[in-house]
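Visitor: Structure provided below as structure tokens; questions to follow.
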Amino acid sequence: MAKKSTKAAKALKKAKKGKAARVKPAKARAKADDKALHGKTKPWSPAEVEEAFRRFQEAMPEPKGELHHVNPFTLLVAVVLSAQATDAGVNKATPALFALADTPEKMAALGEDRVRELVKTIGLFRTKAKNVIGLSHKLIAEHGGRVPNTREALQELPGVGRKTANVVLNIAFGHPTMAVDTHIFRIGNRTGLAPGKDPLAVELKLLEAIPEKYMMHAHHWLILHGRYICLARRPLCEKCVIADLCKWPGKTVLTTG
Ligand code: SF4
């Protein structure tokens, strides 16, 4: 606790000397987010993008997704279950589900009622249970019980959109994809790294801006950055490794206002 307040005091001292981002009240931060959403932040130079990802890599050389899974099929199911829900919430329900069914065949045999019961703590569980059974049947009928490794085939499965397909392609098959979730959408716009009106626009800009050598892990670095540092309401700019590169005019070093 004492360590934390010393850190905050140091950050404030630095900010007062103009050596860090200045403190902004909540209203100014909201205005800055609005401005960023309309693409009015300064663009990043290729050297700045390179530097940002060099730092992410240095801080976390092997980032990992946080969804519990044991094979590509359970990863696919976990990602389908995670739509509009937290990874932590999904992880509470899936160990029991995957202990009973870790293949499409076992999942189909388990049946929709049982799956619904097992995932009932997750939001939209009725639709999700239906999709999990639907995709299991389709995998058995059309893909020999295996998870396909192309975006087109994945997106034909019930409950699987572009973002889910990108996550599965990246984590299960090592494709350098960029799955834009709410965190990455916010970071792309807020920082000025990849402004865009919808997730697809942000995804395409990130794919264009990020050097290829960082693409395999870029999606994880950005998600974790958004989940733990660049928070929606009160980003922790004082702990941010890219604070000097970020173009957001609402940067703050203290959580005031
Ligand atoms: S946490 Fe970092 S990336 Fe997010 S707004 Fe603050 S300085 Fe920018």
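Chain identifiers are assigned as A, B, and so on, following the order in which chains appear in the structure tokens; residues are numbered from 1 within each chain, and ligands are numbered from 1 in order of appearance.
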Show which residues sit within 12 Å of Thr121 of chain A, as a count of residues only. Count only C-alpha atoms, and ignore same-chain residues fewer than 6 positions away.

Guide: 14

Visitor: Within 9 Å of ligand 1 (counting only C-alpha atoms and all ligand atoms), which residues show up? I'd like them as a VMD selection string.

Guide: chain A and resid 21 187 190 to 191 225 to 226 229 to 232 234 to 253

Visitor: Using N, CA and C atoms, can you write the selected residues to a file as a short mmCIF file (atom, residue, chain, number, x, y, z; two decimals), in the first residue's frame?

Guide:
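After the write, selection.cif holds the following:
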```cif
data_model
loop_
_atom_site.label_atom_id
_atom_site.label_comp_id
_atom_site.auth_asym_id
_atom_site.auth_seq_id
_atom_site.Cartn_x
_atom_site.Cartn_y
_atom_site.Cartn_z
N ALA A 21 2.68 12.78 -18.51
CA ALA A 21 1.37 13.29 -18.92
C ALA A 21 0.74 14.05 -17.76
N ILE A 187 -8.45 1.25 -27.69
CA ILE A 187 -7.03 1.65 -27.76
C ILE A 187 -6.68 2.20 -29.14
N ARG A 190 -8.37 5.68 -29.21
CA ARG A 190 -7.91 6.61 -28.16
C ARG A 190 -6.46 7.06 -28.38
N THR A 191 -5.60 6.08 -28.64
CA THR A 191 -4.18 6.42 -28.76
C THR A 191 -3.84 7.07 -30.10
N HIS A 225 -3.22 -4.80 -22.53
CA HIS A 225 -3.00 -3.38 -22.23
C HIS A 225 -4.34 -2.69 -21.93
N GLY A 226 -5.34 -3.03 -22.73
CA GLY A 226 -6.67 -2.43 -22.51
C GLY A 226 -7.36 -2.96 -21.26
N ILE A 229 -4.38 -1.73 -18.15
CA ILE A 229 -3.74 -0.41 -18.07
C ILE A 229 -4.61 0.69 -18.70
N CYS A 230 -4.90 0.54 -19.98
CA CYS A 230 -5.66 1.60 -20.67
C CYS A 230 -7.15 1.34 -20.47
N LEU A 231 -7.58 1.45 -19.21
CA LEU A 231 -8.96 1.14 -18.84
C LEU A 231 -9.93 2.15 -19.46
N ALA A 232 -11.15 1.70 -19.68
CA ALA A 232 -12.13 2.56 -20.37
C ALA A 232 -12.35 3.89 -19.66
N ARG A 234 -10.90 5.11 -16.51
CA ARG A 234 -9.73 5.76 -15.90
C ARG A 234 -8.45 5.05 -16.29
N PRO A 235 -7.93 5.36 -17.48
CA PRO A 235 -6.69 4.69 -17.90
C PRO A 235 -5.55 5.01 -16.94
N LEU A 236 -4.72 4.00 -16.66
CA LEU A 236 -3.61 4.16 -15.71
C LEU A 236 -2.36 4.64 -16.45
N CYS A 237 -2.44 5.86 -16.95
CA CYS A 237 -1.34 6.39 -17.78
C CYS A 237 -0.02 6.41 -17.03
N GLU A 238 -0.09 6.55 -15.71
CA GLU A 238 1.15 6.61 -14.92
C GLU A 238 1.90 5.28 -14.92
N LYS A 239 1.20 4.19 -15.31
CA LYS A 239 1.86 2.88 -15.36
C LYS A 239 2.10 2.43 -16.80
N CYS A 240 1.74 3.27 -17.74
CA CYS A 240 1.72 2.86 -19.14
C CYS A 240 3.11 2.94 -19.78
N VAL A 241 3.51 1.86 -20.45
CA VAL A 241 4.85 1.84 -21.06
C VAL A 241 4.91 2.62 -22.38
N ILE A 242 3.75 3.02 -22.89
CA ILE A 242 3.77 3.78 -24.15
C ILE A 242 3.19 5.18 -23.96
N ALA A 243 3.19 5.67 -22.71
CA ALA A 243 2.55 6.97 -22.42
C ALA A 243 3.15 8.11 -23.24
N ASP A 244 4.45 8.08 -23.45
CA ASP A 244 5.08 9.18 -24.20
C ASP A 244 4.79 9.09 -25.70
N LEU A 245 4.35 7.93 -26.17
CA LEU A 245 4.04 7.76 -27.60
C LEU A 245 2.56 8.00 -27.90
N CYS A 246 1.72 7.71 -26.90
CA CYS A 246 0.27 7.82 -27.05
C CYS A 246 -0.15 9.25 -27.36
N LYS A 247 -1.11 9.40 -28.29
CA LYS A 247 -1.53 10.75 -28.72
C LYS A 247 -2.80 11.23 -28.00
N TRP A 248 -3.27 10.49 -27.05
CA TRP A 248 -4.55 10.85 -26.42
C TRP A 248 -4.41 12.15 -25.61
N PRO A 249 -5.23 13.15 -25.92
CA PRO A 249 -5.09 14.41 -25.18
C PRO A 249 -5.60 14.34 -23.75
N GLY A 250 -6.25 13.25 -23.39
CA GLY A 250 -6.79 13.13 -22.02
C GLY A 250 -5.88 12.39 -21.08
N LYS A 251 -4.62 12.19 -21.44
CA LYS A 251 -3.71 11.40 -20.60
C LYS A 251 -3.69 11.94 -19.17
N THR A 252 -3.62 11.00 -18.24
CA THR A 252 -3.65 11.37 -16.84
C THR A 252 -2.62 10.56 -16.07
N VAL A 253 -2.04 11.14 -15.01
CA VAL A 253 -1.12 10.36 -14.18
C VAL A 253 -1.74 10.01 -12.84
#
```

Visitor: To one decimal place in Å, what is the distance between atom CA of Asn71 of chain A and atom CA of Val147 of chain A?

Guide: 9.7 Å

Visitor: Excluding segment 154-166 of chain A and any residue of its chain fewer than 3 positions from it, enumerate the residues within 7 Å of it, using only C-alpha atoms, and give them as a PyMOL selection string.

Guide: chain A and resi 79-80+131+134-135+138+148+150-151+169-170+177-180

Visitor: Write to file, as a PDB file, in the first residue's frame, the residues of the selection just made, with N, CA and C atoms.

Guide:
```
ATOM      1  N   VAL A  79     -14.405 -19.118 -26.790  1.00  0.00           N
ATOM      2  CA  VAL A  79     -14.502 -17.793 -27.422  1.00  0.00           C
ATOM      3  C   VAL A  79     -15.967 -17.480 -27.768  1.00  0.00           C
ATOM      4  N   VAL A  80     -16.701 -18.490 -28.232  1.00  0.00           N
ATOM      5  CA  VAL A  80     -18.133 -18.293 -28.517  1.00  0.00           C
ATOM      6  C   VAL A  80     -18.868 -17.898 -27.226  1.00  0.00           C
ATOM      7  N   ASN A 131     -25.769 -22.391 -29.993  1.00  0.00           N
ATOM      8  CA  ASN A 131     -24.682 -22.273 -30.961  1.00  0.00           C
ATOM      9  C   ASN A 131     -23.587 -23.319 -30.744  1.00  0.00           C
ATOM     10  N   GLY A 134     -24.915 -26.417 -32.143  1.00  0.00           N
ATOM     11  CA  GLY A 134     -24.995 -26.264 -33.605  1.00  0.00           C
ATOM     12  C   GLY A 134     -23.618 -26.369 -34.255  1.00  0.00           C
ATOM     13  N   LEU A 135     -22.637 -25.710 -33.661  1.00  0.00           N
ATOM     14  CA  LEU A 135     -21.301 -25.750 -34.281  1.00  0.00           C
ATOM     15  C   LEU A 135     -20.667 -27.138 -34.124  1.00  0.00           C
ATOM     16  N   LYS A 138     -22.048 -29.248 -36.892  1.00  0.00           N
ATOM     17  CA  LYS A 138     -21.489 -28.835 -38.193  1.00  0.00           C
ATOM     18  C   LYS A 138     -20.029 -29.303 -38.332  1.00  0.00           C
ATOM     19  N   PRO A 148     -11.794 -26.096 -38.401  1.00  0.00           N
ATOM     20  CA  PRO A 148     -11.108 -25.683 -39.632  1.00  0.00           C
ATOM     21  C   PRO A 148     -10.167 -24.505 -39.368  1.00  0.00           C
ATOM     22  N   THR A 150      -9.451 -21.937 -41.549  1.00  0.00           N
ATOM     23  CA  THR A 150      -9.613 -20.781 -42.435  1.00  0.00           C
ATOM     24  C   THR A 150     -10.740 -19.914 -41.872  1.00  0.00           C
ATOM     25  N   ARG A 151     -10.613 -18.608 -42.124  1.00  0.00           N
ATOM     26  CA  ARG A 151     -11.627 -17.674 -41.603  1.00  0.00           C
ATOM     27  C   ARG A 151     -12.993 -17.978 -42.208  1.00  0.00           C
ATOM     28  N   LEU A 169      -7.933 -18.469 -35.083  1.00  0.00           N
ATOM     29  CA  LEU A 169      -6.838 -18.585 -36.063  1.00  0.00           C
ATOM     30  C   LEU A 169      -5.505 -18.213 -35.431  1.00  0.00           C
ATOM     31  N   ASN A 170      -5.526 -17.185 -34.582  1.00  0.00           N
ATOM     32  CA  ASN A 170      -4.285 -16.723 -33.939  1.00  0.00           C
ATOM     33  C   ASN A 170      -3.784 -17.714 -32.894  1.00  0.00           C
ATOM     34  N   THR A 177      -3.322 -12.843 -36.995  1.00  0.00           N
ATOM     35  CA  THR A 177      -4.574 -12.084 -37.147  1.00  0.00           C
ATOM     36  C   THR A 177      -4.728 -11.051 -36.026  1.00  0.00           C
ATOM     37  N   MET A 178      -5.669 -10.140 -36.194  1.00  0.00           N
ATOM     38  CA  MET A 178      -5.937  -9.111 -35.184  1.00  0.00           C
ATOM     39  C   MET A 178      -7.432  -9.132 -34.856  1.00  0.00           C
ATOM     40  N   ALA A 179      -7.784  -9.733 -33.730  1.00  0.00           N
ATOM     41  CA  ALA A 179      -9.191  -9.808 -33.322  1.00  0.00           C
ATOM     42  C   ALA A 179      -9.540  -8.554 -32.524  1.00  0.00           C
ATOM     43  N   VAL A 180     -10.347  -7.686 -33.109  1.00  0.00           N
ATOM     44  CA  VAL A 180     -10.647  -6.409 -32.444  1.00  0.00           C
ATOM     45  C   VAL A 180     -11.843  -6.561 -31.506  1.00  0.00           C
TER      46      VAL A 180
END
```

Visitor: By how many Å are atom CA of His175 of chain A and atom CA of Met215 of chain A apart?

Guide: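 Interatomic distance here is 8.8 Å.
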
Visitor: Find, counting only C-alpha atoms, the residue in A:Ala83, A:Leu193, A:Leu139, A:Asp198 that gets nearest to Ala52 of chain A.

Guide: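 The closest residue to Ala52 of chain A is A:Leu193.
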
Visitor: Please identify which residues in segment 115-240 of chain A DSSP calls alpha helix (DSSP H) from the backbone, and express them as an mmCIF file with C-alpha atoms, in the first residue's frame.

Guide:
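Contents of part-v9.cif, freshly written:
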```cif
data_model
loop_
_atom_site.group_PDB
_atom_site.id
_atom_site.type_symbol
_atom_site.label_atom_id
_atom_site.label_comp_id
_atom_site.auth_asym_id
_atom_site.auth_seq_id
_atom_site.Cartn_x
_atom_site.Cartn_y
_atom_site.Cartn_z
ATOM 1 C CA VAL A 115 -24.909 -27.476 -22.016
ATOM 2 C CA ARG A 116 -27.392 -24.698 -21.192
ATOM 3 C CA GLU A 117 -27.411 -25.806 -17.573
ATOM 4 C CA LEU A 118 -23.604 -25.852 -17.408
ATOM 5 C CA PHE A 125 -26.401 -18.544 -22.236
ATOM 6 C CA ARG A 126 -29.480 -19.835 -24.064
ATOM 7 C CA THR A 127 -28.324 -18.633 -27.480
ATOM 8 C CA LYS A 128 -24.745 -19.612 -26.737
ATOM 9 C CA ALA A 129 -25.700 -23.178 -25.718
ATOM 10 C CA LYS A 130 -27.669 -23.502 -28.953
ATOM 11 C CA ASN A 131 -24.682 -22.273 -30.961
ATOM 12 C CA VAL A 132 -22.230 -24.599 -29.187
ATOM 13 C CA ILE A 133 -24.411 -27.596 -30.082
ATOM 14 C CA GLY A 134 -24.995 -26.264 -33.605
ATOM 15 C CA LEU A 135 -21.301 -25.750 -34.281
ATOM 16 C CA SER A 136 -20.458 -29.179 -32.849
ATOM 17 C CA HIS A 137 -22.883 -30.858 -35.282
ATOM 18 C CA LYS A 138 -21.489 -28.835 -38.193
ATOM 19 C CA LEU A 139 -17.888 -29.704 -37.288
ATOM 20 C CA ILE A 140 -18.811 -33.409 -37.231
ATOM 21 C CA ALA A 141 -20.823 -33.277 -40.473
ATOM 22 C CA GLU A 142 -18.532 -31.050 -42.540
ATOM 23 C CA HIS A 143 -15.044 -31.073 -41.038
ATOM 24 C CA ARG A 151 -11.627 -17.674 -41.603
ATOM 25 C CA GLU A 152 -14.273 -18.511 -44.208
ATOM 26 C CA ALA A 153 -14.993 -21.989 -42.792
ATOM 27 C CA LEU A 154 -14.933 -20.748 -39.190
ATOM 28 C CA GLN A 155 -17.391 -17.937 -39.930
ATOM 29 C CA ARG A 162 -14.955 -12.360 -37.651
ATOM 30 C CA LYS A 163 -13.579 -11.592 -34.176
ATOM 31 C CA THR A 164 -14.053 -15.165 -32.903
ATOM 32 C CA ALA A 165 -12.528 -16.587 -36.084
ATOM 33 C CA ASN A 166 -9.513 -14.275 -35.701
ATOM 34 C CA VAL A 167 -8.942 -15.371 -32.089
ATOM 35 C CA VAL A 168 -9.092 -19.071 -33.031
ATOM 36 C CA LEU A 169 -6.838 -18.585 -36.063
ATOM 37 C CA ASN A 170 -4.285 -16.723 -33.939
ATOM 38 C CA ILE A 171 -4.207 -18.881 -30.820
ATOM 39 C CA ALA A 172 -4.944 -22.347 -32.210
ATOM 40 C CA PHE A 173 -3.266 -22.093 -35.607
ATOM 41 C CA THR A 182 -13.904 -3.668 -27.133
ATOM 42 C CA HIS A 183 -10.426 -3.074 -25.614
ATOM 43 C CA ILE A 184 -8.560 -3.005 -28.913
ATOM 44 C CA PHE A 185 -11.251 -0.841 -30.514
ATOM 45 C CA ARG A 186 -10.851 1.684 -27.689
ATOM 46 C CA ILE A 187 -7.033 1.649 -27.757
ATOM 47 C CA GLY A 188 -6.877 1.972 -31.553
ATOM 48 C CA ASN A 189 -9.048 5.071 -31.430
ATOM 49 C CA ARG A 190 -7.909 6.606 -28.165
ATOM 50 C CA THR A 191 -4.177 6.422 -28.763
ATOM 51 C CA PRO A 199 -13.942 -2.947 -35.496
ATOM 52 C CA LEU A 200 -13.152 -3.933 -39.093
ATOM 53 C CA ALA A 201 -11.696 -0.481 -39.869
ATOM 54 C CA VAL A 202 -9.534 -0.631 -36.708
ATOM 55 C CA GLU A 203 -8.452 -4.201 -37.546
ATOM 56 C CA LEU A 204 -7.349 -3.266 -41.073
ATOM 57 C CA LYS A 205 -5.457 -0.190 -39.839
ATOM 58 C CA LEU A 206 -3.656 -2.200 -37.163
ATOM 59 C CA LEU A 207 -2.706 -4.879 -39.708
ATOM 60 C CA GLU A 208 -1.267 -2.136 -41.900
ATOM 61 C CA ALA A 209 0.556 -0.266 -39.110
ATOM 62 C CA MET A 215 1.830 -9.480 -35.428
ATOM 63 C CA MET A 216 1.711 -12.913 -33.811
ATOM 64 C CA HIS A 217 1.453 -11.429 -30.316
ATOM 65 C CA ALA A 218 0.099 -7.943 -31.094
ATOM 66 C CA HIS A 219 -3.520 -8.923 -30.422
ATOM 67 C CA HIS A 220 -2.657 -10.238 -26.932
ATOM 68 C CA TRP A 221 -0.473 -7.275 -26.021
ATOM 69 C CA LEU A 222 -3.217 -4.822 -26.967
ATOM 70 C CA ILE A 223 -6.003 -6.758 -25.208
ATOM 71 C CA LEU A 224 -3.977 -7.052 -22.002
ATOM 72 C CA HIS A 225 -3.000 -3.381 -22.234
ATOM 73 C CA GLY A 226 -6.670 -2.434 -22.511
ATOM 74 C CA ARG A 227 -7.788 -4.840 -19.804
ATOM 75 C CA TYR A 228 -5.242 -3.828 -17.161
#
```

Visitor: For Ala194 of chain A, which of A:Ala59, A:Val49, A:Leu76, A:Ala30 is the closest residue, counting only C-alpha atoms?

Guide: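 Selected residue with least distance to Ala194 of chain A: A:Val49.
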
Visitor: For the atom pair atom CA of Gly196 of chain A and atom CA of Lys27 of chain A, what is the interatomic distance in Å to one decimal place?

Guide: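 Atom CA of Lys27 of chain A lies at a distance of 22.6 Å from atom CA of Gly196 of chain A.
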
Visitor: Report as a PDB file with N, CA and C atoms, in the first residue's frame all protein, DNA and RNA residues lying within 9 Å of Phe98 of chain A, evaluated on only C-alpha atoms, omitting residues in the same chain fewer than 2 positions from it.

Guide:
```pdb
ATOM      1  N   HIS A  69      -8.734 -23.358 -22.007  1.00  0.00           N
ATOM      2  CA  HIS A  69      -9.077 -24.310 -23.065  1.00  0.00           C
ATOM      3  C   HIS A  69      -8.019 -25.408 -23.099  1.00  0.00           C
ATOM      4  N   VAL A  70      -8.359 -26.549 -23.693  1.00  0.00           N
ATOM      5  CA  VAL A  70      -7.399 -27.654 -23.734  1.00  0.00           C
ATOM      6  C   VAL A  70      -7.057 -28.094 -25.159  1.00  0.00           C
ATOM      7  N   THR A  74     -12.127 -26.681 -27.727  1.00  0.00           N
ATOM      8  CA  THR A  74     -12.552 -26.019 -26.484  1.00  0.00           C
ATOM      9  C   THR A  74     -12.219 -24.525 -26.532  1.00  0.00           C
ATOM     10  N   THR A  94     -16.400 -23.103 -17.702  1.00  0.00           N
ATOM     11  CA  THR A  94     -15.923 -24.080 -18.692  1.00  0.00           C
ATOM     12  C   THR A  94     -15.191 -25.315 -18.140  1.00  0.00           C
ATOM     13  N   PRO A  95     -14.491 -25.264 -16.979  1.00  0.00           N
ATOM     14  CA  PRO A  95     -13.828 -26.507 -16.543  1.00  0.00           C
ATOM     15  C   PRO A  95     -14.816 -27.671 -16.425  1.00  0.00           C
ATOM     16  N   ALA A  96     -15.992 -27.423 -15.865  1.00  0.00           N
ATOM     17  CA  ALA A  96     -16.986 -28.497 -15.717  1.00  0.00           C
ATOM     18  C   ALA A  96     -17.502 -28.940 -17.090  1.00  0.00           C
ATOM     19  N   LEU A 100     -16.568 -32.774 -19.272  1.00  0.00           N
ATOM     20  CA  LEU A 100     -17.559 -33.698 -19.841  1.00  0.00           C
ATOM     21  C   LEU A 100     -17.461 -33.778 -21.360  1.00  0.00           C
ATOM     22  N   ALA A 101     -17.067 -32.658 -21.977  1.00  0.00           N
ATOM     23  CA  ALA A 101     -17.082 -32.617 -23.445  1.00  0.00           C
ATOM     24  C   ALA A 101     -15.948 -31.748 -23.976  1.00  0.00           C
ATOM     25  N   ASP A 102     -14.884 -32.404 -24.451  1.00  0.00           N
ATOM     26  CA  ASP A 102     -13.778 -31.650 -25.036  1.00  0.00           C
ATOM     27  C   ASP A 102     -13.612 -31.937 -26.528  1.00  0.00           C
ATOM     28  N   THR A 103     -14.630 -32.571 -27.122  1.00  0.00           N
ATOM     29  CA  THR A 103     -14.640 -32.805 -28.578  1.00  0.00           C
ATOM     30  C   THR A 103     -16.053 -32.497 -29.082  1.00  0.00           C
ATOM     31  N   MET A 107     -19.643 -33.135 -27.151  1.00  0.00           N
ATOM     32  CA  MET A 107     -20.502 -31.976 -26.905  1.00  0.00           C
ATOM     33  C   MET A 107     -21.897 -32.238 -27.496  1.00  0.00           C
TER      34      MET A 107
END
```

Visitor: Which is closest to Lys42 of chain A among A:Gly144, A:Gly192, A:Ile210, A:Ala109, if we use only C-alpha atoms?

Guide: A:Gly192
